[in-house]
Every structure is written in C-alpha cells, then in structure tokens.
Amino acid sequence: MTNQFSKSPQSNAIDNTGFSPNSSAEGGRLTNKDGRINLRKSGVPLYERISIYHSLLNMNPVAFTLTVFAVYTCLNLSFAALYYSIGIVHLNGTHPEGNFVGDFLQAFFFSSQTLTTVGYGHISPSNFVTNVVASLESFIGIMSFALVTGMFYARFSRPKAYIRFSPSLLVAPFKGGRALMFRLATYKNNHLTDADAQVTIAVHVEEDGKTVTKFYPLPLEINHINSLALSWTIVHPLDDNSPLRDYTKQDFMDCKIEMMITIKAFDDHFSNTVQQRTSYTQDELVYGAKFLPMYARSEDGHYTNLMLEKINLYEKVTLIA
C-alpha cells in the first residue's frame with residue numbers, strides 16, 4: 001500500500017513554471033506523454049476557445065483526411081439539395097428519372113463537378129437561379145480548395161523534432177551512486193544539432209494539512225550536446241545537488257511525482273529550432289535498472305546501426321541505496 005504524498009525534497013522549490021502549486025486543482029498528470037498540457041478550458045463559448053487552424057494542424061493524418069472529406073461531402077450535399085429544390089430540369093444534360101434518389105444523385109454529381117471546377121460539360125445550368133447557385137458554388141470551391149491546400153502545406157512543412165523517448169524512467173547506478181535516467185533518439189532521417197535538455201520535477205507533498213505541488217529544476221550531467229546523431233541518455237545524478245538525494249528505494253516506490261522534459265534542438269533540414277516535450281510519473285519509474293546499448297556496428301562494418309526498438313531495453317541491477 002503506497003502513501004498518497006511524497007516526502008518534501010531537500011531543496012528550494014521554484015514558482016515560475018506556469019503551473020499551480022495547488023495539487024487539489026490538478027487532474028491526473030500535468031503534461032501528457034505527447035507533450036501537450038493536460039488542460040481543458042471553459043467559461044467562454046466553444047467557438048471562442050477553439051482555434052480551427054491549430055486543431056487541423058495538430059490533428060492526426062487520418063482524422064485530418066476524414067475531416068476534409070466530410071466537409072467536401074457536406075458542401076456537395078448542401079448544393080445538391082439546392083439544385084434539387086430548384087429542379088433538375090433546369091440543368092441541361094440531366095435525365096429526370098421521377099424518383100428522389102436518381103434525380104438527387106445527378107444534382108450531387110453536378111455539384112461535385114462545379115465545386116472542383118472540373119467542368120466535364122455534360123451538365124450545365126440553364127436558368128438564372130441555377131447559374132447563380134453554380135457561380136456561388138464555384139467561388140466557394142476555389143476558396144475552400146485554396147484553404148485545404150494551405151493546410152496540407154502547413155502540416156507538411158511544419159517543423160517537428162521527431163524524437164522518441166524511452167517509456168521507462170530508471171533509477172540506475174552512476175559513478176558509485178545513483179541517478180535518474182531516460183533515453184531518447186530521433187526516429188526520422190532528420191539531423192538535430194545544438195540539442196538542449198531541461199528537466200523539472202513536480203513533487204506532491206502535504207504541508208500544514210494541505211496538498212501542494214512543488215517544482216524543482218533537476219541538474220543534469222550533460223544538458224547540451226552538439227549533435228543528436230545516436231541516442232542520448234539524459235542523466236540526473238542523485239548527489240548532493242539533487243533535490244531527491246535523500247530518496248530511498250521505498251520513497252521512490254511510494255512517491256507521487258512527475259518529471260517534465262523539454263528538448264530543444266536545431267533541425268538543419270527545416271533551418272529552424274524544434275522542440276518536443278514529454279513527462280514521466282512514478283508509475284513509469286523502474287528502480288534498480290540500467291539501459292543496454294541500442295546501437296552497434298553493422299555486419300559489414302560500413303555504418304552504425306541504431307536499433308530504435310531497443311530504446312527501452314534495460315536489465316535489472318542491484319543498487320546500494
């Protein structure tokens with residue numbers, strides 16, 4: 001049975017993280033594994049707090065494609081309903097079938113040709129009203145496809161770090177003592193340089209009968225590397241400079257903490273600075289383990305093989321404390 005709160009670290013907390021020290025106001029972890037802040041906003045209408053551009057930009061590719069297809073279909077259905085209500089007899093080249101499905105489908109396919117400005121010429125509007133509707137649809141089609149093209153380009157050209165983190169956070173042996181460690185590597189064919197790491201730990205403690213969250217910056221063995229070519233094991237030594245230096249194995253097993261990570265680097269392909277965030281909680285902590293190598297020389301000796309499937313490969317070890 002674990003305790004609800006961690007013991008207070010022996011260090012001075014910081015208060016400029018942007019998060020609240022009031023633990024009772026928090027829901028779950030502060031930062032999700034994908035780096036997004038675990039936060040929902042309310043108090044204003046949905047249309048004010050939702051940015052369509054940011055939502056479409058952050059949407060996964062399948063959802064984005066389905067959204068574009070749904071909007072395209074809804075526009076065609078709306079204009080097909082207008083053409084049908086006017087009467088498809090006012091569309092030259094149609095063959096009224098006297099039933100809703102057949103006539104509506106002809107109006108729908110004419111709408112799709114007009115919206116995309118394909119213009120096969122088989123069907124054309126024949127009176128003033130249908131010409132007005134077709135002109136309006138052509139204008140909306142030009143504008144909407146320009147917007148969709150812009151969104152596709154923005155998603156394609158958006159700078160992204162493409163960093164994969166080890167699912168586990170280890171308490172591992174380090175220079176005769178202990179250290180917190182996690183591992184990361186880039187998984188695309190991009191190259192990152194001038195990489196910086198910043199780690200902050202949130203510790204939930206009880207003081208004066210109240211639950212509070214205290215934030216501590218964790219000094220790293222190395223917080224900057226010139227090139228992120230292979231994997232990078234980020235190490236926080238549990239020495240005299242660590243706020244967690246007095247944590248025993250039982251403290252780590254019983255603690256309620258969250259370690260928030262920010263990685264910034266320069267991508268020479270994008271010629272821009274990229275960043276990626278993630279976090280670890282006590283549920284992802286493994287006490288008494290060390291990472292095993294995840295890269296080796298190729299069999300022919302011509303290149304180094306970085307095995308991304310081994311990013312979380314570790315073995316259990318015995319620690320002194």
# chains A, B, ... in the order shown; residues from 1 in each chain; ligands from 1
>>> residues_around(residues="Arg245 (chain A)", least_positions_apart="3", cutoff="10 Å", atoms="only C-alpha atoms", output="ChimeraX atom specification")
/A:9-11,178-179,237-242,248
>>> select_by_dssp(residues="region 163-311 of chain A", states="strand (DSSP E)", output="ChimeraX atom specification")
/A:163-165,169-174,177-186,192-207,210-217,224-228,232-237,257-267,272-281,285-287,289-291,295-297,304-306
>>> residues_around(residues="region 26-42 of chain A", least_positions_apart="2", cutoff="12 Å", atoms="only C-alpha atoms", output="ChimeraX atom specification")
/A:17-24,44-50,58,161-168,200-204,211-213,215,256-263,275-284
>>> residues_around(residues="Phe270 (chain A)", least_positions_apart="5", cutoff="9 Å", atoms="only C-alpha atoms", output="PyMOL selection string")
chain A and resi 157-160
>>> atom_distance(atom1="CA of Ala289 (chain A)", atom2="CA of Arg183 (chain A)")
12.9 Å
>>> closest_residue(among="A:Lys214, A:Lys290, A:His90, A:His224", to="Phe266 (chain A)", atoms="only C-alpha atoms")
A:His224
>>> select_by_dssp(residues="region 69-275 of chain A", states="alpha helix (DSSP H)", output="PDB file with C-alpha atoms, in the first residue's frame")
ATOM      1  CA  PHE A  69     -13.621  14.552 -46.937  1.00  0.00           C
ATOM      2  CA  ALA A  70     -16.571  15.167 -44.598  1.00  0.00           C
ATOM      3  CA  VAL A  71     -16.572  18.911 -45.315  1.00  0.00           C
ATOM      4  CA  TYR A  72     -16.314  18.235 -49.060  1.00  0.00           C
ATOM      5  CA  THR A  73     -19.249  15.796 -48.897  1.00  0.00           C
ATOM      6  CA  CYS A  74     -21.404  18.137 -46.803  1.00  0.00           C
ATOM      7  CA  LEU A  75     -20.816  21.022 -49.242  1.00  0.00           C
ATOM      8  CA  ASN A  76     -21.835  18.836 -52.169  1.00  0.00           C
ATOM      9  CA  LEU A  77     -24.903  17.559 -50.335  1.00  0.00           C
ATOM     10  CA  SER A  78     -25.941  21.126 -49.492  1.00  0.00           C
ATOM     11  CA  PHE A  79     -25.632  22.394 -53.063  1.00  0.00           C
ATOM     12  CA  ALA A  80     -27.197  19.229 -54.458  1.00  0.00           C
ATOM     13  CA  ALA A  81     -30.211  19.933 -52.240  1.00  0.00           C
ATOM     14  CA  LEU A  82     -30.397  23.466 -53.691  1.00  0.00           C
ATOM     15  CA  TYR A  83     -30.237  22.207 -57.264  1.00  0.00           C
ATOM     16  CA  TYR A  84     -32.830  19.553 -56.495  1.00  0.00           C
ATOM     17  CA  SER A  85     -35.171  22.086 -54.882  1.00  0.00           C
ATOM     18  CA  ILE A  86     -34.866  24.382 -57.932  1.00  0.00           C
ATOM     19  CA  PHE A 100     -35.700  11.177 -55.452  1.00  0.00           C
ATOM     20  CA  VAL A 101     -32.542   9.042 -55.423  1.00  0.00           C
ATOM     21  CA  GLY A 102     -31.862   9.177 -59.157  1.00  0.00           C
ATOM     22  CA  ASP A 103     -32.565  12.897 -59.500  1.00  0.00           C
ATOM     23  CA  PHE A 104     -30.646  13.822 -56.342  1.00  0.00           C
ATOM     24  CA  LEU A 105     -27.588  11.842 -57.453  1.00  0.00           C
ATOM     25  CA  GLN A 106     -27.496  13.743 -60.738  1.00  0.00           C
ATOM     26  CA  ALA A 107     -27.644  17.022 -58.803  1.00  0.00           C
ATOM     27  CA  PHE A 108     -24.940  15.754 -56.421  1.00  0.00           C
ATOM     28  CA  PHE A 109     -22.517  14.804 -59.202  1.00  0.00           C
ATOM     29  CA  PHE A 110     -23.086  18.127 -60.958  1.00  0.00           C
ATOM     30  CA  SER A 111     -22.322  19.825 -57.646  1.00  0.00           C
ATOM     31  CA  SER A 112     -19.045  17.912 -57.266  1.00  0.00           C
ATOM     32  CA  GLN A 113     -18.009  18.907 -60.803  1.00  0.00           C
ATOM     33  CA  THR A 114     -18.850  22.554 -60.129  1.00  0.00           C
ATOM     34  CA  LEU A 115     -17.205  22.655 -56.683  1.00  0.00           C
ATOM     35  CA  PHE A 128     -30.763  32.441 -63.880  1.00  0.00           C
ATOM     36  CA  VAL A 129     -31.242  30.845 -60.440  1.00  0.00           C
ATOM     37  CA  THR A 130     -29.211  27.718 -61.164  1.00  0.00           C
ATOM     38  CA  ASN A 131     -26.475  29.848 -62.747  1.00  0.00           C
ATOM     39  CA  VAL A 132     -26.310  31.985 -59.591  1.00  0.00           C
ATOM     40  CA  VAL A 133     -26.070  28.890 -57.386  1.00  0.00           C
ATOM     41  CA  ALA A 134     -23.414  27.357 -59.657  1.00  0.00           C
ATOM     42  CA  SER A 135     -21.390  30.587 -59.617  1.00  0.00           C
ATOM     43  CA  LEU A 136     -21.584  30.728 -55.825  1.00  0.00           C
ATOM     44  CA  GLU A 137     -20.509  27.107 -55.554  1.00  0.00           C
ATOM     45  CA  SER A 138     -17.559  27.679 -57.907  1.00  0.00           C
ATOM     46  CA  PHE A 139     -16.403  30.593 -55.757  1.00  0.00           C
ATOM     47  CA  ILE A 140     -16.710  28.533 -52.559  1.00  0.00           C
ATOM     48  CA  GLY A 141     -14.869  25.688 -54.274  1.00  0.00           C
ATOM     49  CA  ILE A 142     -11.940  27.885 -55.256  1.00  0.00           C
ATOM     50  CA  MET A 143     -11.698  29.371 -51.740  1.00  0.00           C
ATOM     51  CA  SER A 144     -12.085  26.061 -49.897  1.00  0.00           C
ATOM     52  CA  PHE A 145      -9.510  24.226 -52.009  1.00  0.00           C
ATOM     53  CA  ALA A 146      -7.072  27.094 -51.531  1.00  0.00           C
ATOM     54  CA  LEU A 147      -7.534  26.764 -47.785  1.00  0.00           C
ATOM     55  CA  VAL A 148      -7.152  22.980 -47.857  1.00  0.00           C
ATOM     56  CA  THR A 149      -4.003  23.287 -49.989  1.00  0.00           C
ATOM     57  CA  GLY A 150      -2.607  25.765 -47.479  1.00  0.00           C
ATOM     58  CA  MET A 151      -3.404  23.406 -44.592  1.00  0.00           C
ATOM     59  CA  PHE A 152      -1.722  20.483 -46.358  1.00  0.00           C
ATOM     60  CA  TYR A 153       1.376  22.603 -46.919  1.00  0.00           C
ATOM     61  CA  ALA A 154       1.366  23.879 -43.323  1.00  0.00           C
ATOM     62  CA  ARG A 155       1.116  20.324 -41.975  1.00  0.00           C
ATOM     63  CA  PHE A 156       3.786  19.051 -44.352  1.00  0.00           C
ATOM     64  CA  SER A 157       6.262  21.863 -43.737  1.00  0.00           C
ATOM     65  CA  LYS A 249      14.023   2.892  -2.749  1.00  0.00           C
ATOM     66  CA  GLN A 250      10.854   2.907  -0.661  1.00  0.00           C
ATOM     67  CA  ASP A 251      10.457   6.660  -1.152  1.00  0.00           C
ATOM     68  CA  PHE A 252      10.651   6.214  -4.908  1.00  0.00           C
ATOM     69  CA  MET A 253       8.156   3.367  -4.782  1.00  0.00           C
ATOM     70  CA  ASP A 254       5.719   5.398  -2.658  1.00  0.00           C
TER      71      ASP A 254
END
>>> closest_residue(among="A:Val235, A:Cys255, A:Pro243, A:Gly98", to="Leu285 (chain A)", atoms="only C-alpha atoms")
A:Cys255
>>> closest_residue(among="A:Ile234, A:Leu244, A:Asn223, A:Thr67", to="Ile52 (chain A)", atoms="only C-alpha atoms")
A:Thr67
>>> residues_around(residues="Leu306 (chain A)", least_positions_apart="3", cutoff="8 Å", atoms="only C-alpha atoms", output="list of chain:residue names")
A:Leu230, A:Ser231, A:Met294, A:Tyr295, A:Ala296
>>> write_last_selection(atoms="N, CA and C atoms", output="JSON list (two decimals), in the first residue's frame")
[["chain", "number", "residue", "atom", "x", "y", "z"],
["A", 230, "LEU", "N", 23.07, 9.77, -32.48],
["A", 230, "LEU", "CA", 22.67, 8.48, -31.94],
["A", 230, "LEU", "C", 21.65, 8.72, -30.83],
["A", 231, "SER", "N", 21.58, 7.82, -29.90],
["A", 231, "SER", "CA", 20.69, 8.01, -28.75],
["A", 231, "SER", "C", 21.36, 8.91, -27.72],
["A", 294, "MET", "N", 21.86, 0.37, -27.60],
["A", 294, "MET", "CA", 20.86, 0.28, -28.66],
["A", 294, "MET", "C", 21.45, 0.56, -30.04],
["A", 295, "TYR", "N", 22.76, 0.60, -30.14],
["A", 295, "TYR", "CA", 23.40, 0.76, -31.44],
["A", 295, "TYR", "C", 24.65, -0.11, -31.50],
["A", 296, "ALA", "N", 25.00, -0.50, -32.71],
["A", 296, "ALA", "CA", 26.16, -1.38, -32.90],
["A", 296, "ALA", "C", 26.68, -1.20, -34.33]]
>>> residues_around(residues="Thr193 (chain A)", least_positions_apart="3", cutoff="7 Å", atoms="only C-alpha atoms", output="PyMOL selection string")
chain A and resi 226-228+265-267
>>> closest_residue(among="A:Leu319, A:Gly93, A:Ser51, A:Lys175", to="Tyr120 (chain A)", atoms="only C-alpha atoms")
A:Gly93
>>> decode(residues="region 150-194 of chain A", atoms="N, CA and C atoms", output="PDB file, in the first residue's frame")
ATOM      1  N   GLY A 150      -3.437  25.093 -48.473  1.00  0.00           N
ATOM      2  CA  GLY A 150      -2.607  25.765 -47.479  1.00  0.00           C
ATOM      3  C   GLY A 150      -2.423  24.925 -46.228  1.00  0.00           C
ATOM      4  N   MET A 151      -3.502  24.248 -45.780  1.00  0.00           N
ATOM      5  CA  MET A 151      -3.404  23.406 -44.592  1.00  0.00           C
ATOM      6  C   MET A 151      -2.494  22.211 -44.848  1.00  0.00           C
ATOM      7  N   PHE A 152      -2.604  21.602 -46.024  1.00  0.00           N
ATOM      8  CA  PHE A 152      -1.722  20.483 -46.358  1.00  0.00           C
ATOM      9  C   PHE A 152      -0.263  20.937 -46.351  1.00  0.00           C
ATOM     10  N   TYR A 153       0.004  22.106 -46.896  1.00  0.00           N
ATOM     11  CA  TYR A 153       1.376  22.603 -46.919  1.00  0.00           C
ATOM     12  C   TYR A 153       1.861  22.916 -45.499  1.00  0.00           C
ATOM     13  N   ALA A 154       0.981  23.543 -44.693  1.00  0.00           N
ATOM     14  CA  ALA A 154       1.366  23.879 -43.323  1.00  0.00           C
ATOM     15  C   ALA A 154       1.674  22.628 -42.513  1.00  0.00           C
ATOM     16  N   ARG A 155       0.871  21.571 -42.700  1.00  0.00           N
ATOM     17  CA  ARG A 155       1.116  20.324 -41.975  1.00  0.00           C
ATOM     18  C   ARG A 155       2.395  19.657 -42.459  1.00  0.00           C
ATOM     19  N   PHE A 156       2.622  19.722 -43.779  1.00  0.00           N
ATOM     20  CA  PHE A 156       3.786  19.051 -44.352  1.00  0.00           C
ATOM     21  C   PHE A 156       5.091  19.763 -43.987  1.00  0.00           C
ATOM     22  N   SER A 157       5.042  21.084 -43.950  1.00  0.00           N
ATOM     23  CA  SER A 157       6.262  21.863 -43.737  1.00  0.00           C
ATOM     24  C   SER A 157       6.471  22.273 -42.284  1.00  0.00           C
ATOM     25  N   ARG A 158       5.583  21.851 -41.412  1.00  0.00           N
ATOM     26  CA  ARG A 158       5.674  22.265 -40.001  1.00  0.00           C
ATOM     27  C   ARG A 158       6.906  21.648 -39.340  1.00  0.00           C
ATOM     28  N   PRO A 159       7.781  22.456 -38.739  1.00  0.00           N
ATOM     29  CA  PRO A 159       8.958  21.901 -38.060  1.00  0.00           C
ATOM     30  C   PRO A 159       8.549  21.011 -36.888  1.00  0.00           C
ATOM     31  N   LYS A 160       9.141  19.844 -36.817  1.00  0.00           N
ATOM     32  CA  LYS A 160       8.844  18.901 -35.746  1.00  0.00           C
ATOM     33  C   LYS A 160      10.120  18.156 -35.398  1.00  0.00           C
ATOM     34  N   ALA A 161      10.274  17.834 -34.119  1.00  0.00           N
ATOM     35  CA  ALA A 161      11.530  17.244 -33.663  1.00  0.00           C
ATOM     36  C   ALA A 161      11.650  15.765 -34.025  1.00  0.00           C
ATOM     37  N   TYR A 162      10.546  15.021 -34.043  1.00  0.00           N
ATOM     38  CA  TYR A 162      10.554  13.581 -34.316  1.00  0.00           C
ATOM     39  C   TYR A 162      11.486  12.847 -33.360  1.00  0.00           C
ATOM     40  N   ILE A 163      11.244  13.050 -32.069  1.00  0.00           N
ATOM     41  CA  ILE A 163      12.045  12.411 -31.027  1.00  0.00           C
ATOM     42  C   ILE A 163      11.209  11.332 -30.353  1.00  0.00           C
ATOM     43  N   ARG A 164      11.835  10.186 -30.114  1.00  0.00           N
ATOM     44  CA  ARG A 164      11.180   9.096 -29.389  1.00  0.00           C
ATOM     45  C   ARG A 164      11.865   8.934 -28.037  1.00  0.00           C
ATOM     46  N   PHE A 165      11.054   8.868 -26.982  1.00  0.00           N
ATOM     47  CA  PHE A 165      11.570   8.727 -25.625  1.00  0.00           C
ATOM     48  C   PHE A 165      11.367   7.290 -25.137  1.00  0.00           C
ATOM     49  N   SER A 166      12.258   6.865 -24.255  1.00  0.00           N
ATOM     50  CA  SER A 166      12.071   5.553 -23.638  1.00  0.00           C
ATOM     51  C   SER A 166      10.829   5.588 -22.755  1.00  0.00           C
ATOM     52  N   PRO A 167       9.980   4.562 -22.829  1.00  0.00           N
ATOM     53  CA  PRO A 167       8.779   4.555 -21.985  1.00  0.00           C
ATOM     54  C   PRO A 167       9.081   4.546 -20.491  1.00  0.00           C
ATOM     55  N   SER A 168      10.273   4.090 -20.102  1.00  0.00           N
ATOM     56  CA  SER A 168      10.600   3.939 -18.681  1.00  0.00           C
ATOM     57  C   SER A 168      11.620   4.973 -18.235  1.00  0.00           C
ATOM     58  N   LEU A 169      11.484   5.372 -16.979  1.00  0.00           N
ATOM     59  CA  LEU A 169      12.447   6.224 -16.279  1.00  0.00           C
ATOM     60  C   LEU A 169      13.156   5.340 -15.260  1.00  0.00           C
ATOM     61  N   LEU A 170      14.476   5.304 -15.326  1.00  0.00           N
ATOM     62  CA  LEU A 170      15.239   4.381 -14.484  1.00  0.00           C
ATOM     63  C   LEU A 170      15.937   5.092 -13.340  1.00  0.00           C
ATOM     64  N   VAL A 171      16.017   4.407 -12.202  1.00  0.00           N
ATOM     65  CA  VAL A 171      16.977   4.763 -11.154  1.00  0.00           C
ATOM     66  C   VAL A 171      18.116   3.770 -11.314  1.00  0.00           C
ATOM     67  N   ALA A 172      19.252   4.251 -11.812  1.00  0.00           N
ATOM     68  CA  ALA A 172      20.339   3.376 -12.248  1.00  0.00           C
ATOM     69  C   ALA A 172      21.622   3.701 -11.498  1.00  0.00           C
ATOM     70  N   PRO A 173      22.568   2.766 -11.478  1.00  0.00           N
ATOM     71  CA  PRO A 173      23.877   3.067 -10.871  1.00  0.00           C
ATOM     72  C   PRO A 173      24.626   4.094 -11.703  1.00  0.00           C
ATOM     73  N   PHE A 174      25.348   4.979 -11.007  1.00  0.00           N
ATOM     74  CA  PHE A 174      26.066   6.041 -11.710  1.00  0.00           C
ATOM     75  C   PHE A 174      27.221   6.533 -10.843  1.00  0.00           C
ATOM     76  N   LYS A 175      28.447   6.296 -11.291  1.00  0.00           N
ATOM     77  CA  LYS A 175      29.666   6.779 -10.643  1.00  0.00           C
ATOM     78  C   LYS A 175      29.679   6.497  -9.146  1.00  0.00           C
ATOM     79  N   GLY A 176      29.405   5.265  -8.789  1.00  0.00           N
ATOM     80  CA  GLY A 176      29.419   4.862  -7.391  1.00  0.00           C
ATOM     81  C   GLY A 176      28.184   5.262  -6.625  1.00  0.00           C
ATOM     82  N   GLY A 177      27.228   5.908  -7.255  1.00  0.00           N
ATOM     83  CA  GLY A 177      25.978   6.294  -6.607  1.00  0.00           C
ATOM     84  C   GLY A 177      24.789   5.914  -7.469  1.00  0.00           C
ATOM     85  N   ARG A 178      23.805   6.801  -7.494  1.00  0.00           N
ATOM     86  CA  ARG A 178      22.593   6.540  -8.265  1.00  0.00           C
ATOM     87  C   ARG A 178      22.269   7.755  -9.136  1.00  0.00           C
ATOM     88  N   ALA A 179      21.424   7.521 -10.120  1.00  0.00           N
ATOM     89  CA  ALA A 179      20.986   8.613 -10.976  1.00  0.00           C
ATOM     90  C   ALA A 179      19.645   8.254 -11.609  1.00  0.00           C
ATOM     91  N   LEU A 180      18.864   9.291 -11.895  1.00  0.00           N
ATOM     92  CA  LEU A 180      17.659   9.123 -12.706  1.00  0.00           C
ATOM     93  C   LEU A 180      18.066   9.209 -14.169  1.00  0.00           C
ATOM     94  N   MET A 181      17.559   8.275 -14.988  1.00  0.00           N
ATOM     95  CA  MET A 181      17.938   8.242 -16.392  1.00  0.00           C
ATOM     96  C   MET A 181      16.734   7.932 -17.276  1.00  0.00           C
ATOM     97  N   PHE A 182      16.699   8.583 -18.421  1.00  0.00           N
ATOM     98  CA  PHE A 182      15.814   8.179 -19.505  1.00  0.00           C
ATOM     99  C   PHE A 182      16.561   8.374 -20.809  1.00  0.00           C
ATOM    100  N   ARG A 183      16.054   7.792 -21.870  1.00  0.00           N
ATOM    101  CA  ARG A 183      16.785   7.780 -23.135  1.00  0.00           C
ATOM    102  C   ARG A 183      15.902   8.309 -24.256  1.00  0.00           C
ATOM    103  N   LEU A 184      16.521   8.940 -25.241  1.00  0.00           N
ATOM    104  CA  LEU A 184      15.781   9.460 -26.383  1.00  0.00           C
ATOM    105  C   LEU A 184      16.623   9.328 -27.638  1.00  0.00           C
ATOM    106  N   ALA A 185      15.941   9.380 -28.781  1.00  0.00           N
ATOM    107  CA  ALA A 185      16.615   9.312 -30.078  1.00  0.00           C
ATOM    108  C   ALA A 185      15.667   9.840 -31.138  1.00  0.00           C
ATOM    109  N   THR A 186      16.212  10.368 -32.224  1.00  0.00           N
ATOM    110  CA  THR A 186      15.382  10.771 -33.352  1.00  0.00           C
ATOM    111  C   THR A 186      15.062   9.529 -34.177  1.00  0.00           C
ATOM    112  N   TYR A 187      13.831   9.463 -34.708  1.00  0.00           N
ATOM    113  CA  TYR A 187      13.424   8.267 -35.438  1.00  0.00           C
ATOM    114  C   TYR A 187      13.159   8.541 -36.918  1.00  0.00           C
ATOM    115  N   LYS A 188      13.355   9.770 -37.368  1.00  0.00           N
ATOM    116  CA  LYS A 188      13.255  10.076 -38.794  1.00  0.00           C
ATOM    117  C   LYS A 188      14.654  10.273 -39.366  1.00  0.00           C
ATOM    118  N   ASN A 189      14.720  10.513 -40.670  1.00  0.00           N
ATOM    119  CA  ASN A 189      16.025  10.731 -41.300  1.00  0.00           C
ATOM    120  C   ASN A 189      16.414  12.201 -41.246  1.00  0.00           C
ATOM    121  N   ASN A 190      16.040  12.866 -40.141  1.00  0.00           N
ATOM    122  CA  ASN A 190      16.467  14.242 -39.931  1.00  0.00           C
ATOM    123  C   ASN A 190      17.671  14.258 -38.992  1.00  0.00           C
ATOM    124  N   HIS A 191      18.351  15.382 -38.935  1.00  0.00           N
ATOM    125  CA  HIS A 191      19.526  15.505 -38.077  1.00  0.00           C
ATOM    126  C   HIS A 191      19.389  16.749 -37.217  1.00  0.00           C
ATOM    127  N   LEU A 192      19.489  16.561 -35.905  1.00  0.00           N
ATOM    128  CA  LEU A 192      19.352  17.651 -34.951  1.00  0.00           C
ATOM    129  C   LEU A 192      20.720  18.011 -34.388  1.00  0.00           C
ATOM    130  N   THR A 193      20.962  19.316 -34.280  1.00  0.00           N
ATOM    131  CA  THR A 193      22.205  19.806 -33.697  1.00  0.00           C
ATOM    132  C   THR A 193      21.877  20.784 -32.571  1.00  0.00           C
ATOM    133  N   ASP A 194      22.884  21.080 -31.751  1.00  0.00           N
ATOM    134  CA  ASP A 194      22.737  22.023 -30.625  1.00  0.00           C
ATOM    135  C   ASP A 194      21.517  21.684 -29.787  1.00  0.00           C
TER     136      ASP A 194
END
